[in-house]
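As stored in entry37.tsv (TSV, C-alpha atoms):
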chain	number	residue	atom	x	y	z
A	4	MET	CA	-7.84	8.10	24.91
A	5	THR	CA	-8.49	7.33	21.24
A	6	VAL	CA	-9.86	3.87	20.59
A	7	ILE	CA	-8.60	2.25	17.38
A	8	PRO	CA	-11.33	0.44	15.44
A	9	GLU	CA	-10.81	-3.31	15.07
A	10	LYS	CA	-11.04	-3.08	11.27
A	11	THR	CA	-8.23	-0.54	10.93
A	12	ASP	CA	-6.34	-0.86	7.66
A	13	PRO	CA	-3.26	-2.98	8.45
A	14	ARG	CA	-1.10	-0.40	6.66
A	15	ALA	CA	-2.06	2.31	9.19
A	16	ARG	CA	0.54	1.36	11.81
A	17	ARG	CA	3.35	1.28	9.23
A	18	LEU	CA	2.26	4.67	7.96
A	19	ALA	CA	2.05	6.08	11.50
A	20	GLU	CA	5.52	4.76	12.40
A	21	HIS	CA	7.03	6.16	9.21
A	22	ARG	CA	5.37	9.54	9.76
A	23	GLN	CA	6.84	9.56	13.28
A	24	ARG	CA	10.33	9.09	11.82
A	25	ILE	CA	10.07	11.71	9.07
A	26	ALA	CA	8.36	14.24	11.34
A	27	HIS	CA	11.59	14.38	13.35
A	28	GLU	CA	14.12	14.46	10.49
A	29	GLY	CA	16.90	16.91	11.17
A	30	ILE	CA	16.35	16.73	14.92
A	31	SER	CA	19.11	15.13	16.96
A	32	TYR	CA	16.70	12.95	18.94
A	33	ILE	CA	14.02	10.95	17.18
A	34	PRO	CA	11.66	9.36	19.70
A	35	ALA	CA	11.31	5.67	18.86
A	36	TRP	CA	7.81	4.34	18.28
A	37	GLY	CA	8.07	2.34	21.51
A	38	ASP	CA	9.02	5.49	23.45
A	39	LEU	CA	5.69	7.15	22.64
A	40	THR	CA	2.86	6.82	25.12
A	41	GLN	CA	0.08	4.39	24.28
A	42	GLU	CA	-2.21	7.38	23.67
A	43	GLN	CA	0.29	8.99	21.26
A	44	ARG	CA	0.64	5.74	19.32
A	45	GLU	CA	-3.12	5.24	19.14
A	46	GLN	CA	-3.66	8.84	18.00
A	47	SER	CA	-1.03	8.44	15.28
A	48	ILE	CA	-2.59	5.18	14.07
A	49	HIS	CA	-6.05	6.76	14.13
A	50	GLU	CA	-4.82	9.68	11.97
A	51	ALA	CA	-3.03	7.30	9.59
A	52	ALA	CA	-6.19	5.18	9.25
A	53	ASN	CA	-8.10	8.33	8.30
A	54	TRP	CA	-5.43	9.29	5.73
A	55	LEU	CA	-5.60	5.82	4.22
A	56	ARG	CA	-9.39	5.85	4.10
A	57	ALA	CA	-9.28	9.22	2.33
A	58	ALA	CA	-6.67	7.94	-0.14
A	59	VAL	CA	-8.77	4.84	-0.90
A	60	GLU	CA	-11.92	6.93	-1.35
A	61	ALA	CA	-10.01	9.34	-3.65
A	62	GLY	CA	-8.83	6.39	-5.74
A	63	ILE	CA	-5.12	6.94	-5.12
A	64	ALA	CA	-4.60	3.91	-2.86
A	65	PRO	CA	-6.01	0.40	-3.20
A	66	LEU	CA	-8.36	-1.25	-0.73
A	67	ALA	CA	-6.55	-3.33	1.88
A	68	GLU	CA	-8.98	-6.22	1.46
A	69	ARG	CA	-9.90	-8.13	-1.69
A	70	PRO	CA	-13.03	-6.48	-3.19
A	71	THR	CA	-14.31	-9.78	-4.65
A	72	ASP	CA	-13.06	-13.33	-5.20
A	73	LYS	CA	-12.38	-12.40	-8.83
A	74	HIS	CA	-9.84	-9.71	-7.86
A	75	ASP	CA	-6.14	-10.56	-7.69
A	76	ALA	CA	-3.64	-8.50	-5.75
A	77	VAL	CA	-0.85	-6.64	-7.55
A	78	TRP	CA	2.25	-5.99	-5.48
A	79	LEU	CA	5.17	-3.62	-5.97
A	80	ASP	CA	8.33	-4.83	-4.24
A	81	ASN	CA	11.09	-2.70	-2.74
A	82	TYR	CA	13.09	-3.00	-6.00
A	83	GLY	CA	10.25	-1.61	-8.10
A	84	GLN	CA	9.28	-4.97	-9.60
A	85	LEU	CA	5.61	-5.79	-10.10
A	86	TRP	CA	4.14	-9.07	-8.89
A	87	GLY	CA	0.68	-10.51	-9.44
A	88	GLU	CA	-1.18	-12.88	-7.19
A	89	TYR	CA	-1.38	-16.32	-8.79
A	90	GLN	CA	-4.57	-18.23	-8.04
A	91	THR	CA	-3.92	-21.88	-7.28
A	92	SER	CA	-6.27	-24.79	-6.82
A	93	PRO	CA	-6.71	-25.48	-3.99
A	94	SER	CA	-6.31	-21.87	-2.91
A	95	SER	CA	-3.00	-20.85	-1.39
A	96	ASP	CA	-4.54	-17.82	0.38
A	97	GLY	CA	-2.58	-15.34	-1.72
A	98	ASP	CA	0.78	-16.97	-1.05
A	99	ALA	CA	1.58	-17.70	-4.71
A	100	ILE	CA	2.73	-14.68	-6.72
A	101	LEU	CA	4.17	-14.32	-10.19
A	102	ARG	CA	6.58	-11.62	-11.29
A	103	LEU	CA	5.09	-9.47	-14.01
A	104	VAL	CA	7.57	-8.79	-16.79
A	105	TRP	CA	7.59	-6.52	-19.80
A	106	ALA	CA	7.82	-8.11	-23.22
A	107	SER	CA	8.41	-5.68	-26.10
A	108	GLU	CA	6.45	-7.86	-28.52
A	109	GLN	CA	3.38	-7.47	-26.31
A	110	CYS	CA	3.52	-3.68	-25.93
A	111	SER	CA	0.63	-1.41	-26.90
A	112	SER	CA	0.28	2.30	-27.49
A	113	LYS	CA	-0.57	3.99	-24.20
A	114	GLN	CA	-2.26	6.86	-26.05
A	115	GLU	CA	-4.43	4.47	-28.08
A	116	LEU	CA	-5.47	2.61	-24.95
A	117	GLU	CA	-6.30	5.90	-23.21
A	118	ASP	CA	-8.30	6.97	-26.27
A	119	GLU	CA	-10.27	3.74	-25.88
A	120	GLY	CA	-11.08	4.61	-22.25
A	121	THR	CA	-8.29	2.88	-20.32
A	122	GLU	CA	-7.13	4.79	-17.25
A	123	PHE	CA	-3.60	4.34	-15.95
A	124	ARG	CA	-2.40	5.06	-12.42
A	125	LEU	CA	1.25	5.53	-11.68
A	126	ILE	CA	1.96	3.29	-8.68
A	127	GLY	CA	5.74	3.49	-8.64
A	128	TRP	CA	8.93	3.28	-10.66
A	129	SER	CA	11.02	0.29	-11.58
A	130	GLU	CA	14.75	0.22	-11.95
Could the structure of this file be written out as structure tokens, please?
Amino acid sequence: MTVIPEKTDPRARRLAEHRQRIAHEGISYIPAWGDLTQEQREQSIHEAANWLRAAVEAGIAPLAERPTDKHDAVWLDNYGQLWGEYQTSPSSDGDAILRLVWASEQCSSKQELEDEGTEFRLIGWSE
């Protein structure tokens, strides 16, 4: 039996469950996550944790935990809207977020910023 480390990325189970669903697309019977044996679930979570670790190390997925106290989380919601963590005093433990909006008067040239060394990573699409 595979033993899942205590510090497994919390996104690993969601990834494992989703992979279970898409792995059976087009098949008349899709085994539900709860129908899998404990060993099958643990193996799927273990594989997903490895995929996430590889994605973080490759720089295509963010760390699950805050790197330092100076870092703020950026969230993408299911509608494609960006949200930024809003630090409050006293701390709200990441509960306060602020929707990030585009303002045309504050836009910059992407090419100029890239020429100055800025790197952009596509994290999703907004509507």
Go through A:Asp12, A:Glu122, A:Asp98, A:Glu20 and flag the residue nearest Trp86 of chain A, using only C-alpha atoms for the distances.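 Ranking A:Asp12, A:Glu122, A:Asp98, A:Glu20 by distance to Trp86 of chain A, first place goes to A:Asp98.
Ranking A:Glu88, A:Asp118, A:Leu103, A:Ala52 by their shortest atom-to-atom distance to Arg69 of chain A, with all atoms listed in the file included, puts A:Glu88 first.
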Looking at A:Leu116, A:Cys110, A:Leu101, A:Ala15, which one is nearest to Ala58 of chain A, with distances taken over all atoms listed in the file?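 For Ala58 of chain A, the nearest of the given residues is A:Ala15.
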To one decimal place, how far is atom CA of Lys113 of chain A from atom CA of Asp72 of chain A in Å? 28.6 Å
Please compute the atom CA of Thr91 of chain A-atom CA of Ala67 of chain A distance, one decimal, in Å.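 If I compute the distance from atom CA of Thr91 of chain A to atom CA of Ala67 of chain A, I get 20.9 Å.
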Atoms are missing here; could segment 60-90 of chain A be completed with N, CA and C atoms and written as an mmCIF file, keeping the file's coordinate frame?
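What landed in selection30.cif:
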data_model
loop_
_atom_site.group_PDB
_atom_site.id
_atom_site.type_symbol
_atom_site.label_atom_id
_atom_site.label_comp_id
_atom_site.auth_asym_id
_atom_site.auth_seq_id
_atom_site.Cartn_x
_atom_site.Cartn_y
_atom_site.Cartn_z
ATOM 1 N N GLU A 60 -10.717 6.307 -0.816
ATOM 2 C CA GLU A 60 -11.920 6.930 -1.350
ATOM 3 C C GLU A 60 -11.610 7.847 -2.531
ATOM 4 N N ALA A 61 -10.416 8.459 -2.545
ATOM 5 C CA ALA A 61 -10.010 9.340 -3.650
ATOM 6 C C ALA A 61 -9.482 8.543 -4.837
ATOM 7 N N GLY A 62 -9.299 7.242 -4.652
ATOM 8 C CA GLY A 62 -8.830 6.390 -5.740
ATOM 9 C C GLY A 62 -7.322 6.431 -5.957
ATOM 10 N N ILE A 63 -6.566 6.883 -4.960
ATOM 11 C CA ILE A 63 -5.120 6.940 -5.120
ATOM 12 C C ILE A 63 -4.396 5.864 -4.301
ATOM 13 N N ALA A 64 -5.156 5.051 -3.585
ATOM 14 C CA ALA A 64 -4.600 3.910 -2.860
ATOM 15 C C ALA A 64 -5.600 2.761 -2.988
ATOM 16 N N PRO A 65 -5.100 1.536 -3.075
ATOM 17 C CA PRO A 65 -6.010 0.400 -3.200
ATOM 18 C C PRO A 65 -6.644 0.020 -1.865
ATOM 19 N N LEU A 66 -7.764 -0.680 -1.926
ATOM 20 C CA LEU A 66 -8.360 -1.250 -0.730
ATOM 21 C C LEU A 66 -7.385 -2.231 -0.104
ATOM 22 N N ALA A 67 -7.425 -2.374 1.204
ATOM 23 C CA ALA A 67 -6.550 -3.330 1.880
ATOM 24 C C ALA A 67 -7.067 -4.748 1.732
ATOM 25 N N GLU A 68 -8.380 -4.892 1.575
ATOM 26 C CA GLU A 68 -8.980 -6.220 1.460
ATOM 27 C C GLU A 68 -9.444 -6.467 0.038
ATOM 28 N N ARG A 69 -9.470 -7.727 -0.360
ATOM 29 C CA ARG A 69 -9.900 -8.130 -1.690
ATOM 30 C C ARG A 69 -11.362 -7.712 -1.896
ATOM 31 N N PRO A 70 -11.642 -6.901 -2.954
ATOM 32 C CA PRO A 70 -13.030 -6.480 -3.190
ATOM 33 C C PRO A 70 -13.967 -7.650 -3.500
ATOM 34 N N THR A 71 -13.525 -8.588 -4.332
ATOM 35 C CA THR A 71 -14.310 -9.780 -4.650
ATOM 36 C C THR A 71 -13.355 -10.941 -4.871
ATOM 37 N N ASP A 72 -13.891 -12.149 -4.950
ATOM 38 C CA ASP A 72 -13.060 -13.330 -5.200
ATOM 39 C C ASP A 72 -12.404 -13.289 -6.563
ATOM 40 N N LYS A 73 -12.924 -12.482 -7.474
ATOM 41 C CA LYS A 73 -12.380 -12.400 -8.830
ATOM 42 C C LYS A 73 -11.202 -11.428 -8.920
ATOM 43 N N HIS A 74 -10.949 -10.669 -7.862
ATOM 44 C CA HIS A 74 -9.840 -9.710 -7.860
ATOM 45 C C HIS A 74 -8.553 -10.395 -7.404
ATOM 46 N N ASP A 75 -7.463 -10.078 -8.073
ATOM 47 C CA ASP A 75 -6.140 -10.560 -7.690
ATOM 48 C C ASP A 75 -5.292 -9.373 -7.255
ATOM 49 N N ALA A 76 -4.491 -9.572 -6.246
ATOM 50 C CA ALA A 76 -3.640 -8.500 -5.750
ATOM 51 C C ALA A 76 -2.459 -8.276 -6.689
ATOM 52 N N VAL A 77 -2.059 -7.018 -6.823
ATOM 53 C CA VAL A 77 -0.850 -6.640 -7.550
ATOM 54 C C VAL A 77 0.063 -5.984 -6.534
ATOM 55 N N TRP A 78 1.298 -6.459 -6.481
ATOM 56 C CA TRP A 78 2.250 -5.990 -5.480
ATOM 57 C C TRP A 78 3.432 -5.314 -6.164
ATOM 58 N N LEU A 79 3.958 -4.293 -5.541
ATOM 59 C CA LEU A 79 5.170 -3.620 -5.970
ATOM 60 C C LEU A 79 6.209 -3.893 -4.894
ATOM 61 N N ASP A 80 7.336 -4.525 -5.259
ATOM 62 C CA ASP A 80 8.330 -4.830 -4.240
ATOM 63 C C ASP A 80 9.292 -3.663 -4.033
ATOM 64 N N ASN A 81 10.189 -3.795 -3.082
ATOM 65 C CA ASN A 81 11.090 -2.700 -2.740
ATOM 66 C C ASN A 81 12.148 -2.439 -3.808
ATOM 67 N N TYR A 82 12.187 -3.242 -4.877
ATOM 68 C CA TYR A 82 13.090 -3.000 -6.000
ATOM 69 C C TYR A 82 12.352 -2.407 -7.185
ATOM 70 N N GLY A 83 11.044 -2.170 -7.030
ATOM 71 C CA GLY A 83 10.250 -1.610 -8.100
ATOM 72 C C GLY A 83 9.708 -2.629 -9.075
ATOM 73 N N GLN A 84 9.791 -3.912 -8.733
ATOM 74 C CA GLN A 84 9.280 -4.970 -9.600
ATOM 75 C C GLN A 84 7.812 -5.239 -9.262
ATOM 76 N N LEU A 85 7.024 -5.481 -10.282
ATOM 77 C CA LEU A 85 5.610 -5.790 -10.100
ATOM 78 C C LEU A 85 5.407 -7.295 -9.982
ATOM 79 N N TRP A 86 4.494 -7.677 -9.101
ATOM 80 C CA TRP A 86 4.140 -9.070 -8.890
ATOM 81 C C TRP A 86 2.630 -9.188 -8.882
ATOM 82 N N GLY A 87 2.114 -10.260 -9.454
ATOM 83 C CA GLY A 87 0.680 -10.510 -9.440
ATOM 84 C C GLY A 87 0.373 -11.767 -8.662
ATOM 85 N N GLU A 88 -0.727 -11.708 -7.923
ATOM 86 C CA GLU A 88 -1.180 -12.880 -7.190
ATOM 87 C C GLU A 88 -1.507 -13.977 -8.200
ATOM 88 N N TYR A 89 -1.147 -15.194 -7.892
ATOM 89 C CA TYR A 89 -1.380 -16.320 -8.790
ATOM 90 C C TYR A 89 -2.352 -17.264 -8.099
ATOM 91 N N GLN A 90 -3.554 -17.377 -8.641
ATOM 92 C CA GLN A 90 -4.570 -18.230 -8.040
ATOM 93 C C GLN A 90 -4.208 -19.702 -8.267
#
